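Next up, coords06.cif (mmCIF, C-alpha atoms):
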```cif
data_protein
#
loop_
_atom_site.label_atom_id
_atom_site.label_comp_id
_atom_site.auth_asym_id
_atom_site.auth_seq_id
_atom_site.Cartn_x
_atom_site.Cartn_y
_atom_site.Cartn_z
CA MET V 163 106.43 47.64 63.13
CA ARG V 164 109.54 49.58 62.38
CA VAL V 165 111.98 50.08 59.53
CA SER V 166 115.56 51.17 59.87
CA VAL V 167 118.26 52.73 57.74
CA ASP V 168 121.89 51.99 58.45
CA ALA V 169 124.27 54.62 57.07
CA ASP V 170 127.17 52.11 57.25
CA ASP V 171 125.34 49.56 55.09
CA PRO V 172 126.52 49.65 51.45
CA THR V 173 122.92 49.03 50.30
CA PRO V 174 121.36 52.34 49.21
CA PRO V 175 118.92 53.74 51.83
CA TYR V 176 115.91 53.54 49.45
CA GLU V 177 116.63 49.85 48.89
CA GLN V 178 116.92 49.22 52.63
CA ILE V 179 113.49 50.79 53.13
CA ARG V 180 111.95 49.03 50.12
CA GLY V 181 113.30 45.63 51.17
CA GLN V 182 112.07 45.87 54.74
CA VAL V 183 108.59 47.09 53.81
CA ALA V 184 108.33 44.42 51.08
CA ARG V 185 109.28 41.70 53.58
CA LEU V 186 106.70 42.95 56.10
CA ILE V 187 104.01 42.87 53.42
CA GLU V 188 105.00 39.45 52.10
CA ALA V 189 105.12 38.04 55.63
CA GLY V 190 101.58 39.34 56.18
CA ARG V 191 102.61 41.63 59.03
CA LEU V 192 101.31 44.56 56.99
CA ALA V 193 97.82 43.70 55.83
CA PRO V 194 96.11 44.89 52.64
CA GLY V 195 94.62 48.35 53.25
CA ASP V 196 97.11 49.27 55.99
CA ARG V 197 98.28 52.86 55.58
CA LEU V 198 101.98 53.59 55.38
CA PRO V 199 103.37 56.82 56.83
CA THR V 200 103.59 59.83 54.57
CA VAL V 201 106.82 60.30 52.65
CA ARG V 202 107.61 63.38 54.74
CA GLN V 203 106.97 61.63 58.07
CA LEU V 204 109.11 58.58 57.29
CA ALA V 205 111.89 60.66 55.73
CA GLY V 206 112.00 62.96 58.77
CA ASP V 207 112.03 60.06 61.23
CA LEU V 208 114.74 58.15 59.34
CA ARG V 209 116.78 61.31 58.71
CA VAL V 210 116.84 60.73 54.92
CA ALA V 211 115.73 62.97 52.05
CA PRO V 212 112.02 62.77 51.10
CA GLY V 213 113.12 61.62 47.62
CA THR V 214 114.68 58.50 49.17
CA VAL V 215 111.39 57.38 50.73
CA ALA V 216 109.46 58.44 47.62
CA ARG V 217 111.70 56.21 45.50
CA ALA V 218 111.22 53.26 47.87
CA TYR V 219 107.42 53.72 47.72
CA LYS V 220 107.56 54.05 43.91
CA GLU V 221 109.40 50.74 43.62
CA LEU V 222 106.96 49.06 46.00
CA GLU V 223 104.13 50.42 43.88
CA MET V 224 105.71 49.10 40.68
CA ALA V 225 106.00 45.69 42.35
CA GLY V 226 102.26 45.83 43.10
CA LEU V 227 102.81 45.75 46.87
CA VAL V 228 101.41 49.20 47.64
CA GLU V 229 99.10 51.66 45.94
CA THR V 230 99.15 55.42 46.22
CA ARG V 231 96.07 57.60 45.94
CA ARG V 232 96.14 61.33 46.31
CA ALA V 233 93.66 61.58 49.19
CA ALA V 234 94.21 58.22 50.90
CA GLY V 235 98.01 58.26 50.76
CA THR V 236 100.01 55.05 50.38
CA ARG V 237 98.32 51.81 51.41
CA VAL V 238 99.27 48.15 51.22
CA ALA V 239 97.70 46.78 48.04
CA GLN V 240 95.25 43.91 47.89
CA ARG V 241 97.36 40.89 47.07
CA PRO V 242 96.20 38.80 44.14
CA VAL V 243 95.76 35.08 44.77
CA LEU V 244 98.70 33.35 43.08
CA THR V 245 98.18 30.38 40.81
CA SER V 246 100.42 27.36 41.44
CA SER V 247 102.63 28.22 38.44
CA GLN V 248 102.98 31.84 39.61
CA ARG V 249 103.89 30.63 43.09
CA ALA V 250 106.47 28.25 41.62
CA ARG V 251 108.00 31.06 39.58
CA ARG V 252 108.17 33.36 42.64
CA LEU V 253 109.77 30.58 44.69
CA ALA V 254 112.35 29.88 41.98
CA LYS V 255 113.20 33.59 41.86
CA VAL V 256 113.60 33.85 45.66
CA MET V 257 115.81 30.72 45.68
CA SER V 258 118.02 31.87 42.82
CA ASP V 259 118.42 35.32 44.41
CA ALA V 260 119.48 33.70 47.69
CA VAL V 261 121.97 31.41 45.97
CA GLU V 262 123.36 34.30 43.97
CA THR V 263 123.83 36.37 47.14
CA ALA V 264 125.53 33.43 48.89
CA ARG V 265 127.87 32.93 45.92
CA SER V 266 128.75 36.62 45.89
CA LEU V 267 129.76 36.19 49.53
CA GLY V 268 132.22 33.48 48.38
CA CYS V 269 130.33 30.51 49.84
CA ALA V 270 130.97 27.03 48.40
CA GLU V 271 128.03 24.90 47.20
CA GLU V 272 128.35 22.57 50.21
CA GLU V 273 128.17 25.56 52.55
CA ILE V 274 125.09 26.87 50.76
CA ALA V 275 123.41 23.48 50.88
CA LYS V 276 124.22 23.10 54.58
CA ALA V 277 122.83 26.58 55.33
CA TRP V 278 119.75 25.70 53.30
CA ALA V 279 119.16 22.53 55.25
CA THR V 280 119.67 24.38 58.53
CA ALA V 281 117.17 27.05 57.49
CA LEU V 282 114.62 24.38 56.54
CA GLY V 283 115.32 22.49 59.76
CA ARG V 284 114.51 25.58 61.83
CA ARG V 285 111.04 25.60 60.38
CA MET A 262 68.75 113.80 80.85
CA LEU A 263 69.68 110.14 80.41
CA THR A 264 67.47 107.92 78.26
CA LEU A 265 66.47 104.43 79.47
CA SER A 266 68.88 102.86 77.02
CA GLN A 267 71.76 105.00 78.25
CA VAL A 268 71.00 104.08 81.88
CA ILE A 269 70.92 100.39 81.00
CA ASP A 270 74.03 100.81 78.87
CA THR A 271 76.02 102.42 81.69
CA ARG A 272 74.84 100.11 84.47
CA GLY A 273 75.16 97.08 82.23
CA SER A 274 78.75 97.89 81.33
CA GLU A 275 79.75 98.48 84.94
CA MET A 276 78.08 95.30 86.15
CA ALA A 277 79.50 93.28 83.26
CA THR A 278 83.01 94.52 83.97
CA GLY A 279 82.66 93.76 87.69
CA VAL A 280 81.22 90.27 87.21
CA LEU A 281 83.73 89.47 84.48
CA GLY A 282 86.62 90.56 86.67
CA LEU A 283 85.34 88.38 89.53
CA ILE A 284 84.87 85.38 87.25
CA GLY A 285 88.33 85.89 85.79
CA MET A 286 89.93 86.03 89.23
CA VAL A 287 88.15 82.87 90.42
CA ALA A 288 89.10 81.05 87.22
CA VAL A 289 92.75 82.06 87.48
CA LEU A 290 92.87 80.97 91.14
CA VAL A 291 91.33 77.59 90.31
CA ALA A 292 93.78 77.24 87.41
CA LEU A 293 96.75 77.98 89.64
CA VAL A 294 95.63 75.48 92.28
CA VAL A 295 94.87 72.75 89.75
CA GLY A 296 97.99 73.52 87.71
CA PHE A 297 100.40 73.02 90.53
CA ALA A 298 98.56 70.63 92.85
CA VAL A 299 97.88 67.75 90.46
CA PRO A 300 100.92 65.50 89.96
CA ARG A 301 101.93 65.02 86.37
CA GLN A 302 102.55 61.72 84.62
CA THR A 303 106.09 61.45 83.32
CA VAL A 304 107.95 58.96 81.16
CA ALA A 305 111.52 57.83 81.70
CA ALA A 306 114.22 59.05 79.35
CA PRO A 307 115.60 56.09 77.36
CA GLU A 308 119.09 54.94 78.22
CA GLY A 309 121.69 56.56 75.98
CA ALA A 310 119.25 59.11 74.52
CA GLY A 311 118.86 61.18 77.69
CA PRO A 312 120.85 64.27 76.58
CA ALA A 313 119.08 64.48 73.19
CA VAL A 314 115.62 64.11 74.75
CA ASP A 315 116.55 66.55 77.49
CA ALA A 316 117.68 69.14 74.93
CA ALA A 317 114.44 68.76 72.98
CA GLU A 318 112.28 69.12 76.07
CA ARG A 319 114.28 72.10 77.34
CA HIS A 320 113.90 73.79 73.93
CA VAL A 321 110.13 73.30 73.85
CA ARG A 322 109.64 74.35 77.48
CA ARG A 323 111.71 77.49 76.99
CA LEU A 324 109.67 78.43 73.93
CA ARG A 325 106.42 77.79 75.76
CA LEU A 326 107.51 80.23 78.46
CA VAL A 327 108.39 82.74 75.71
CA GLY A 328 104.92 82.09 74.23
CA LEU A 329 103.23 82.77 77.59
CA VAL A 330 105.15 86.02 78.08
CA LEU A 331 104.66 87.20 74.48
CA GLY A 332 100.98 86.23 74.63
CA GLY A 333 100.65 88.20 77.86
CA VAL A 334 102.23 91.29 76.27
CA VAL A 335 99.91 91.05 73.24
CA ALA A 336 96.88 90.60 75.51
CA VAL A 337 97.79 93.64 77.64
CA TRP A 338 98.35 95.73 74.50
CA LEU A 339 95.04 94.65 72.97
CA TRP A 340 93.16 95.31 76.21
CA GLY A 341 93.78 99.05 75.89
CA VAL A 342 93.20 99.34 72.14
CA ASP A 343 89.46 100.01 72.14
CA ALA A 344 87.51 101.77 74.92
CA LEU A 345 84.24 100.13 73.84
CA GLY A 346 85.35 96.62 74.82
CA ARG A 347 86.53 95.17 71.52
CA GLY A 348 90.15 95.20 72.71
CA SER A 349 89.40 93.39 75.96
CA MET A 350 87.21 90.90 74.07
CA LEU A 351 90.07 90.10 71.66
CA ALA A 352 92.85 90.17 74.29
CA ALA A 353 92.66 86.45 75.06
CA VAL A 354 92.52 85.57 71.35
CA GLY A 355 95.64 87.71 70.85
CA PHE A 356 97.28 85.79 73.69
CA GLY A 357 96.30 82.48 72.08
CA LEU A 358 97.56 83.49 68.64
CA ALA A 359 100.93 84.69 69.95
CA PHE A 360 101.34 81.52 72.02
CA LEU A 361 100.45 79.27 69.07
CA VAL A 362 102.86 81.05 66.71
CA VAL A 363 105.70 80.55 69.20
CA MET A 364 104.68 76.91 69.67
CA CYS A 365 104.75 76.31 65.92
CA VAL A 366 108.24 77.83 65.76
CA GLY A 367 109.29 75.67 68.72
CA GLU A 368 108.08 72.45 67.12
CA LEU A 369 109.57 73.29 63.73
CA THR A 370 112.98 74.07 65.24
CA ASN A 371 113.03 71.09 67.62
CA PRO A 372 116.62 69.82 67.92
CA VAL A 373 116.85 66.32 66.41
CA SER A 374 119.70 63.90 67.08
CA ARG A 375 121.40 61.87 64.35
CA SER A 376 123.06 58.48 64.46
CA ALA A 377 124.46 55.98 61.93
CA ARG A 378 121.38 53.81 62.37
CA SER A 379 117.91 55.35 62.42
CA ASP A 380 114.66 53.52 62.85
CA ALA A 381 111.10 54.66 62.51
CA ASP A 382 107.59 53.41 63.17
CA LEU A 383 105.61 52.36 60.09
CA ARG A 384 102.41 53.66 61.70
CA ARG A 385 101.04 56.89 60.24
CA ARG A 386 100.81 59.49 62.99
CA ARG A 387 97.49 61.32 63.25
CA VAL A 388 96.59 64.49 65.13
CA GLY A 389 93.91 62.58 67.07
CA ASP A 390 96.53 60.28 68.60
CA TYR A 391 97.87 63.13 70.73
CA LEU A 392 94.78 65.19 71.63
CA PRO A 393 93.76 65.31 75.30
CA ARG A 394 90.27 63.86 75.02
CA ARG A 395 88.36 65.61 77.83
CA LEU A 396 89.92 69.02 77.34
CA SER A 397 89.40 68.80 73.56
CA VAL A 398 85.69 68.07 74.00
CA LEU A 399 85.37 70.94 76.49
CA VAL A 400 87.14 73.39 74.16
CA ALA A 401 85.13 72.21 71.13
CA VAL A 402 81.85 72.79 73.02
CA THR A 403 83.13 76.23 74.08
CA VAL A 404 83.95 77.14 70.46
CA VAL A 405 80.50 76.04 69.27
CA VAL A 406 78.68 77.94 72.05
CA LEU A 407 80.80 81.05 71.42
CA ALA A 408 80.01 80.93 67.68
CA ALA A 409 76.30 80.38 68.41
CA LEU A 410 76.13 83.35 70.83
CA LEU A 411 77.96 85.55 68.34
CA ILE A 412 75.47 84.62 65.62
CA VAL A 413 72.51 85.37 67.94
CA GLY A 414 74.15 88.70 68.82
CA LEU A 415 74.76 89.44 65.15
CA VAL A 416 71.15 88.72 64.15
CA ALA A 417 69.53 90.60 67.03
CA GLY A 418 71.88 93.61 67.16
CA THR A 419 70.94 97.12 66.02
CA ALA A 420 72.63 100.51 66.03
CA ASP A 421 73.00 102.25 69.39
CA ASP A 422 71.84 105.79 70.18
CA LEU A 423 75.04 107.20 68.65
CA GLY A 424 74.41 105.33 65.41
CA ARG A 425 77.16 102.69 65.84
CA PRO A 426 75.83 99.55 64.14
CA GLY A 427 75.47 96.34 66.14
CA ARG A 428 75.99 97.76 69.63
CA ALA A 429 72.48 97.65 71.01
CA LEU A 430 69.43 95.43 71.38
CA ALA A 431 66.20 97.04 70.25
CA TRP A 432 62.63 95.78 70.55
CA THR A 433 59.16 96.99 69.72
CA THR A 434 55.95 96.54 71.69
CA PRO A 435 52.38 97.59 70.88
CA THR A 436 52.92 100.60 73.14
CA GLY A 437 56.28 101.61 71.64
CA GLY A 438 59.57 99.84 72.28
CA GLY A 439 63.03 100.38 73.64
CA SER A 440 66.66 99.49 73.38
CA ALA A 441 69.42 98.30 75.68
CA GLY A 442 73.13 97.87 75.41
CA PRO A 443 75.88 97.03 75.16
CA TRP A 444 74.97 94.12 72.95
CA PRO A 445 77.44 91.92 71.02
CA GLY A 446 76.03 92.68 67.57
CA SER A 447 78.06 93.21 64.41
CA PHE A 448 80.24 95.80 66.19
CA TYR A 449 81.71 92.97 68.33
CA ALA A 450 80.68 89.79 66.52
CA TRP A 451 82.49 90.31 63.19
CA PRO A 452 85.94 91.01 64.69
CA MET A 453 85.44 88.13 67.13
CA LEU A 454 84.28 85.67 64.45
CA GLY A 455 87.26 86.65 62.26
CA ALA A 456 89.69 86.23 65.16
CA LEU A 457 88.07 82.90 66.08
CA LEU A 458 88.57 81.57 62.55
CA VAL A 459 92.24 82.61 62.55
CA GLU A 460 92.71 81.05 66.00
CA LEU A 461 91.17 77.74 64.90
CA ALA A 462 93.20 77.66 61.67
CA LEU A 463 96.43 78.29 63.55
CA ALA A 464 95.57 75.68 66.19
CA GLY A 465 94.90 73.16 63.40
CA ALA A 466 98.21 74.00 61.74
CA ALA A 467 100.06 73.68 65.06
CA LEU A 468 98.51 70.26 65.72
CA ARG A 469 99.52 69.05 62.25
CA ILE A 470 103.08 70.24 62.81
CA ILE A 471 103.18 68.42 66.18
CA ALA A 472 101.92 65.14 64.70
CA HIS A 473 104.14 65.21 61.61
CA ARG A 474 107.42 66.64 62.84
CA ALA A 475 110.41 64.28 62.81
CA GLN A 476 110.96 62.17 65.92
CA VAL A 477 113.42 63.69 68.36
CA VAL A 478 115.61 60.57 68.63
CA PRO A 479 115.45 58.06 65.74
CA SER A 480 115.21 54.91 67.85
CA GLN A 481 112.52 52.58 69.15
CA ALA A 482 113.70 53.16 72.73
CA ALA A 483 112.77 56.84 72.48
CA SER A 484 109.38 56.37 70.85
CA GLU A 485 107.46 56.55 74.16
CA VAL A 486 109.21 59.79 75.08
CA ASP A 487 108.54 61.18 71.62
CA SER A 488 104.83 60.43 71.96
CA ALA A 489 104.76 62.03 75.43
CA LEU A 490 106.38 65.19 74.06
CA ARG A 491 103.85 65.33 71.21
CA SER A 492 100.94 64.79 73.62
CA ALA A 493 102.18 67.57 75.92
CA ALA A 494 102.54 69.93 72.95
CA ALA A 495 99.05 69.06 71.65
CA ARG A 496 97.65 69.68 75.14
CA GLY A 497 99.31 73.12 75.05
CA VAL A 498 97.65 73.95 71.72
CA VAL A 499 94.20 72.84 72.89
CA ALA A 500 94.66 74.70 76.19
CA ALA A 501 95.71 77.91 74.40
CA THR A 502 92.61 77.61 72.21
CA GLY A 503 90.54 77.05 75.35
CA VAL A 504 91.88 80.22 76.99
CA ALA A 505 91.42 82.19 73.75
CA THR A 506 87.77 81.18 73.41
CA ALA A 507 86.61 80.80 77.02
CA PHE A 508 87.59 84.32 78.06
CA PRO A 509 85.56 86.13 75.35
CA LEU A 510 82.72 83.64 75.89
CA GLY A 511 82.62 84.63 79.57
CA GLY A 512 82.55 88.31 78.66
CA LEU A 513 79.93 87.93 75.95
CA GLY A 514 77.83 85.70 78.19
CA VAL A 515 77.82 88.24 81.02
CA VAL A 516 77.03 91.16 78.69
CA MET A 517 74.29 89.26 76.85
CA ALA A 518 72.71 87.95 80.06
CA ILE A 519 72.60 91.40 81.68
CA THR A 520 71.40 93.28 78.60
CA ALA A 521 68.80 90.64 77.68
CA SER A 522 67.60 90.57 81.29
CA ASN A 523 67.23 94.36 81.31
CA ALA A 524 65.42 94.16 77.98
CA VAL A 525 62.96 91.56 79.32
CA ARG A 526 62.26 93.81 82.31
CA GLY A 527 61.74 96.68 79.85
CA GLY A 528 59.03 94.74 77.98
CA ALA A 529 61.10 92.97 75.30
CA PRO A 530 59.77 89.72 73.72
CA GLY A 531 59.86 86.57 75.84
CA TRP A 532 62.43 84.73 73.72
CA LEU A 533 65.09 86.99 75.23
CA ALA A 534 64.49 85.24 78.57
CA VAL A 535 65.87 82.09 76.92
CA VAL A 536 68.93 84.11 75.86
CA VAL A 537 69.43 85.13 79.52
CA TRP A 538 69.53 81.48 80.62
CA VAL A 539 71.69 80.30 77.73
CA ALA A 540 74.14 83.18 78.20
CA SER A 541 74.32 82.49 81.96
CA ALA A 542 75.04 78.81 81.28
CA ALA A 543 77.70 79.91 78.78
CA VAL A 544 79.41 81.92 81.52
CA LEU A 545 79.63 78.78 83.70
CA LEU A 546 81.01 76.82 80.76
CA ALA A 547 83.54 79.60 80.13
CA VAL A 548 84.75 79.49 83.75
CA VAL A 549 85.23 75.71 83.65
CA THR A 550 87.00 75.78 80.26
CA PHE A 551 89.17 78.74 81.18
CA SER A 552 90.34 77.25 84.48
CA GLN A 553 91.04 73.83 82.94
CA SER A 554 92.84 75.36 79.96
CA ALA A 555 94.88 77.83 81.99
CA ALA A 556 95.93 75.02 84.34
CA SER A 557 97.02 72.87 81.39
CA LEU A 558 98.94 75.79 79.89
CA LEU A 559 100.79 76.49 83.12
CA ARG A 560 101.63 72.81 83.52
CA SER A 561 102.85 72.51 79.93
CA ALA A 562 105.21 75.43 80.46
CA ALA A 563 106.37 74.63 83.97
CA GLY A 564 106.25 70.84 84.37
CA ARG A 565 108.51 68.20 82.84
CA VAL A 566 107.28 65.33 80.70
CA VAL A 567 110.47 63.31 80.71
CA ARG A 568 112.22 62.25 83.90
CA ASP A 569 115.86 61.29 84.01
CA ASP A 570 116.26 57.90 85.71
CA THR A 571 120.05 57.92 85.32
CA ASP A 572 120.63 58.53 89.03
CA GLU A 573 118.10 55.87 90.06
CA ARG A 574 119.69 53.39 87.64
CA ALA A 575 123.13 54.17 89.01
CA GLU A 576 121.84 53.63 92.56
CA ASP A 577 120.23 50.32 91.54
CA LEU A 578 123.48 49.17 89.93
CA GLY A 579 125.43 50.27 93.02
CA ALA A 580 123.08 48.33 95.28
CA GLY A 581 123.30 45.29 92.99
CA ALA A 582 127.12 45.38 93.03
CA ALA A 583 127.18 45.68 96.83
#
```

Show how you would write the structure in this file as structure tokens.
Amino acid sequence: MRVSVDADDPTPPYEQIRGQVARLIEAGRLAPGDRLPTVRQLAGDLRVAPGTVARAYKELEMAGLVETRRAAGTRVAQRPVLTSSQRARRLAKVMSDAVETARSLGCAEEEIAKAWATALGRR
Amino acid sequence: MLTLSQVIDTRGSEMATGVLGLIGMVAVLVALVVGFAVPRQTVAAPEGAGPAVDAAERHVRRLRLVGLVLGGVVAVWLWGVDALGRGSMLAAVGFGLAFLVVMCVGELTNPVSRSARSDADLRRRRVGDYLPRRLSVLVAVTVVVLAALLIVGLVAGTADDLGRPGRALAWTTPTGGGSAGPWPGSFYAWPMLGALLVELALAGAALRIIAHRAQVVPSQAASEVDSALRSAAARGVVAATGVATAFPLGGLGVVMAITASNAVRGGAPGWLAVVVWVASAAVLLAVVTFSQSAASLLRSAAGRVVRDDTDERAEDLGAGAA
């Protein structure tokens, strides 16, 4: 599993790292207990400042996706079992974020709905 | 008139030097044959990243050669420092330390390429991922045996007839007693134990640097090459540690075996016969470790890890077009 940082992407590098790691955890490709690379290793490999990776890890920690212990380093956190209402709230948030992003791209509602249906159809 | 201990001391030193020289020559010959006869596994340079990978490998290889030369100079200098054998005992450790320092500098100053898009593995790199398994076990056993022999020498050593502490082996019998030397007591064991600790600490630091340094090219295509470069560097560190520990182990083993054997013949307690066998076995171990390590060192400095397939690819494309 790899993460990348694109210098031409307007998204800040820490957010690029955070987003990719968060998606890997949420998709289950990074399991609870899996160790992430040290801040220094990832920063060196991605050619970014250690503070950039540290900030990404901090945000992941605040979101409850990873936990950092002094000796064990940063590991993927145990994920709590969501109740149905929590799951509904998370789903609503993901949907509204997607719609907001699509609107910011200048997409009309029909376009968004069509893209939505296509995405669902692929599954 | 010479005392028994002086006779044993003189003959023991001459024999030890002769046997050690012979063992050293055989080990170096075996190392040379193995080092250059066994083909080396290489990995292909990734398309587009060839020059960057090539520059990194050239840099590391050049520094390894510098390390070998510098280590050789340090070893030669140390060899002549002390007429009583401490210099020659520490020469190989001096070689190992100089080589490891240069290797650390080489890894820390590795040229890294930059691009607009960088990607990195989310796996945490560990030192163990890059260690050569068989050689590491061999070197670890050598270190343990060397430390054990030094401790035995330290415990059993007494002052020699000139009052230098830890240079002789003395024993008492109901009819009197005797002494023999040279013996690796505190006179030799403390400097060697200190040097061994520094050597191991530096080797550990070098291995950590190798595992945690930034990847040479920040792309998935180059990850195999990056791992191969790290493995070759880790092999160099383990091999340098092997040379640094096997050589003094061979010397100590020969000296202990000869002196303990003379002591047993002179009426010393029976447990020294066990020391003779253990020290002799340690010499065999030292020869094996030294030849394997020296061969690995020579290969790490002379051989390439990455092959350039550009020409082969161009030929394939040419054949395809025709």

Take the PyMOL selection byres ((chain V) within 8 of (chain A)), run it mentally on this structure, and tell me the resulting residues as a PDB file with C-alpha atoms, in the frame of the given file.
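What landed in selection18.pdb:
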```
ATOM      1  CA  MET V 163     106.430  47.640  63.130  1.00  0.00           C
ATOM      2  CA  ARG V 164     109.540  49.580  62.380  1.00  0.00           C
ATOM      3  CA  VAL V 165     111.980  50.080  59.530  1.00  0.00           C
ATOM      4  CA  SER V 166     115.560  51.170  59.870  1.00  0.00           C
ATOM      5  CA  VAL V 167     118.260  52.730  57.740  1.00  0.00           C
ATOM      6  CA  ASP V 168     121.890  51.990  58.450  1.00  0.00           C
ATOM      7  CA  ALA V 169     124.270  54.620  57.070  1.00  0.00           C
ATOM      8  CA  ASP V 170     127.170  52.110  57.250  1.00  0.00           C
ATOM      9  CA  ARG V 197      98.280  52.860  55.580  1.00  0.00           C
ATOM     10  CA  LEU V 198     101.980  53.590  55.380  1.00  0.00           C
ATOM     11  CA  PRO V 199     103.370  56.820  56.830  1.00  0.00           C
ATOM     12  CA  THR V 200     103.590  59.830  54.570  1.00  0.00           C
ATOM     13  CA  ARG V 202     107.610  63.380  54.740  1.00  0.00           C
ATOM     14  CA  GLN V 203     106.970  61.630  58.070  1.00  0.00           C
ATOM     15  CA  LEU V 204     109.110  58.580  57.290  1.00  0.00           C
ATOM     16  CA  GLY V 206     112.000  62.960  58.770  1.00  0.00           C
ATOM     17  CA  ASP V 207     112.030  60.060  61.230  1.00  0.00           C
ATOM     18  CA  LEU V 208     114.740  58.150  59.340  1.00  0.00           C
ATOM     19  CA  ARG V 209     116.780  61.310  58.710  1.00  0.00           C
TER      20      ARG V 209
END
```

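Taking CA of Ala401 in chain A as the reference point, CA of Ser522 in chain A is found at 27.3 Å.
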
Residue by residue, what does the PyMOL selection byres ((chain A and resi 506-521) around 7) grab here? Present the result as an mmCIF file with C-alpha atoms, keeping the file's coordinate frame.
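Writing done, so here's part.cif:
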```cif
data_model
loop_
_atom_site.group_PDB
_atom_site.id
_atom_site.type_symbol
_atom_site.label_atom_id
_atom_site.label_comp_id
_atom_site.auth_asym_id
_atom_site.auth_seq_id
_atom_site.Cartn_x
_atom_site.Cartn_y
_atom_site.Cartn_z
ATOM 1 C CA GLY A 273 75.160 97.080 82.230
ATOM 2 C CA ALA A 277 79.500 93.280 83.260
ATOM 3 C CA LEU A 281 83.730 89.470 84.480
ATOM 4 C CA MET A 350 87.210 90.900 74.070
ATOM 5 C CA ALA A 353 92.660 86.450 75.060
ATOM 6 C CA VAL A 354 92.520 85.570 71.350
ATOM 7 C CA THR A 403 83.130 76.230 74.080
ATOM 8 C CA VAL A 404 83.950 77.140 70.460
ATOM 9 C CA LEU A 407 80.800 81.050 71.420
ATOM 10 C CA ALA A 441 69.420 98.300 75.680
ATOM 11 C CA GLY A 442 73.130 97.870 75.410
ATOM 12 C CA PRO A 443 75.880 97.030 75.160
ATOM 13 C CA TRP A 444 74.970 94.120 72.950
ATOM 14 C CA PRO A 445 77.440 91.920 71.020
ATOM 15 C CA THR A 502 92.610 77.610 72.210
ATOM 16 C CA GLY A 503 90.540 77.050 75.350
ATOM 17 C CA VAL A 504 91.880 80.220 76.990
ATOM 18 C CA ALA A 505 91.420 82.190 73.750
ATOM 19 C CA SER A 522 67.600 90.570 81.290
ATOM 20 C CA ASN A 523 67.230 94.360 81.310
ATOM 21 C CA ALA A 524 65.420 94.160 77.980
ATOM 22 C CA VAL A 525 62.960 91.560 79.320
ATOM 23 C CA LEU A 533 65.090 86.990 75.230
ATOM 24 C CA ALA A 534 64.490 85.240 78.570
ATOM 25 C CA VAL A 536 68.930 84.110 75.860
ATOM 26 C CA VAL A 537 69.430 85.130 79.520
ATOM 27 C CA ALA A 540 74.140 83.180 78.200
ATOM 28 C CA SER A 541 74.320 82.490 81.960
ATOM 29 C CA ALA A 543 77.700 79.910 78.780
ATOM 30 C CA VAL A 544 79.410 81.920 81.520
ATOM 31 C CA ALA A 547 83.540 79.600 80.130
ATOM 32 C CA VAL A 548 84.750 79.490 83.750
ATOM 33 C CA THR A 550 87.000 75.780 80.260
ATOM 34 C CA PHE A 551 89.170 78.740 81.180
#
```

Hey, can you check how far CA of Ala189 in chain V sits from CA of Glu223 in chain V?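 About the pair CA of Ala189 in chain V and CA of Glu223 in chain V: they are 17.1 Å apart.
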
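When all atoms listed in the file are used to compute distances to Asp390 in chain A, the closest of the residues A:Val535, A:Val566, A:Leu546, A:Arg491 turns out to be A:Arg491.
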
Can you measure CA of Val256 in chain V to CA of Arg241 in chain V for me? One decimal in Å is fine.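 Distance between the two atoms: 17.8 Å.
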
Using the chain letters and numbers from this file, what does the PyMOL selection byres ((chain A and resi 365) around 12) select? Give the answer as a PyMOL selection string. chain A and resi 321+324-325+328+358-364+366-371+463-474+494-495+497-498

Step by step, gather every atom of range 251-255 of chain V that the file lists, find the box along x, y and z that holds them, add 3 Å on each side, and finally give centre and edge lengths in Å to one decimal, as lines of an AutoDock Vina configuration file.
```
center_x = 110.6
center_y = 31.7
center_z = 42.1
size_x = 11.2
size_y = 9.7
size_z = 11.1
```

Considering only C-alpha atoms, can you say which of A:Gly346, A:Gly355, A:Leu392, A:Pro372 comes closest to Ala316 in chain A?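 Between A:Gly346, A:Gly355, A:Leu392, A:Pro372, the residue approaching Ala316 in chain A most closely is A:Pro372.
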
Extract, using all atoms listed in the file, all DNA, RNA and protein residues at most 9 Å from Gln178 in chain V, discarding same-chain residues fewer than 2 positions from it, and format them as a PDB file with C-alpha atoms, in the coordinates of the input.
```
ATOM      1  CA  VAL V 165     111.980  50.080  59.530  1.00  0.00           C
ATOM      2  CA  SER V 166     115.560  51.170  59.870  1.00  0.00           C
ATOM      3  CA  VAL V 167     118.260  52.730  57.740  1.00  0.00           C
ATOM      4  CA  ASP V 168     121.890  51.990  58.450  1.00  0.00           C
ATOM      5  CA  ASP V 171     125.340  49.560  55.090  1.00  0.00           C
ATOM      6  CA  THR V 173     122.920  49.030  50.300  1.00  0.00           C
ATOM      7  CA  PRO V 174     121.360  52.340  49.210  1.00  0.00           C
ATOM      8  CA  PRO V 175     118.920  53.740  51.830  1.00  0.00           C
ATOM      9  CA  TYR V 176     115.910  53.540  49.450  1.00  0.00           C
ATOM     10  CA  ARG V 180     111.950  49.030  50.120  1.00  0.00           C
ATOM     11  CA  GLY V 181     113.300  45.630  51.170  1.00  0.00           C
ATOM     12  CA  GLN V 182     112.070  45.870  54.740  1.00  0.00           C
ATOM     13  CA  VAL V 183     108.590  47.090  53.810  1.00  0.00           C
ATOM     14  CA  ALA V 218     111.220  53.260  47.870  1.00  0.00           C
TER      15      ALA V 218
END
```

Spatial neighbours of Asp196 in chain V, max dist 7 Å, all atoms listed in the file, sep filter under 4 positions, as a compact mmCIF listing (two decimals) with C-alpha atoms, in the coordinates of the input:
```txt
# COMPACT_ATOMS: atom_id res chain seq x y z
CA LEU V 192 101.31 44.56 56.99
CA ARG V 237 98.32 51.81 51.41
CA VAL V 238 99.27 48.15 51.22
```
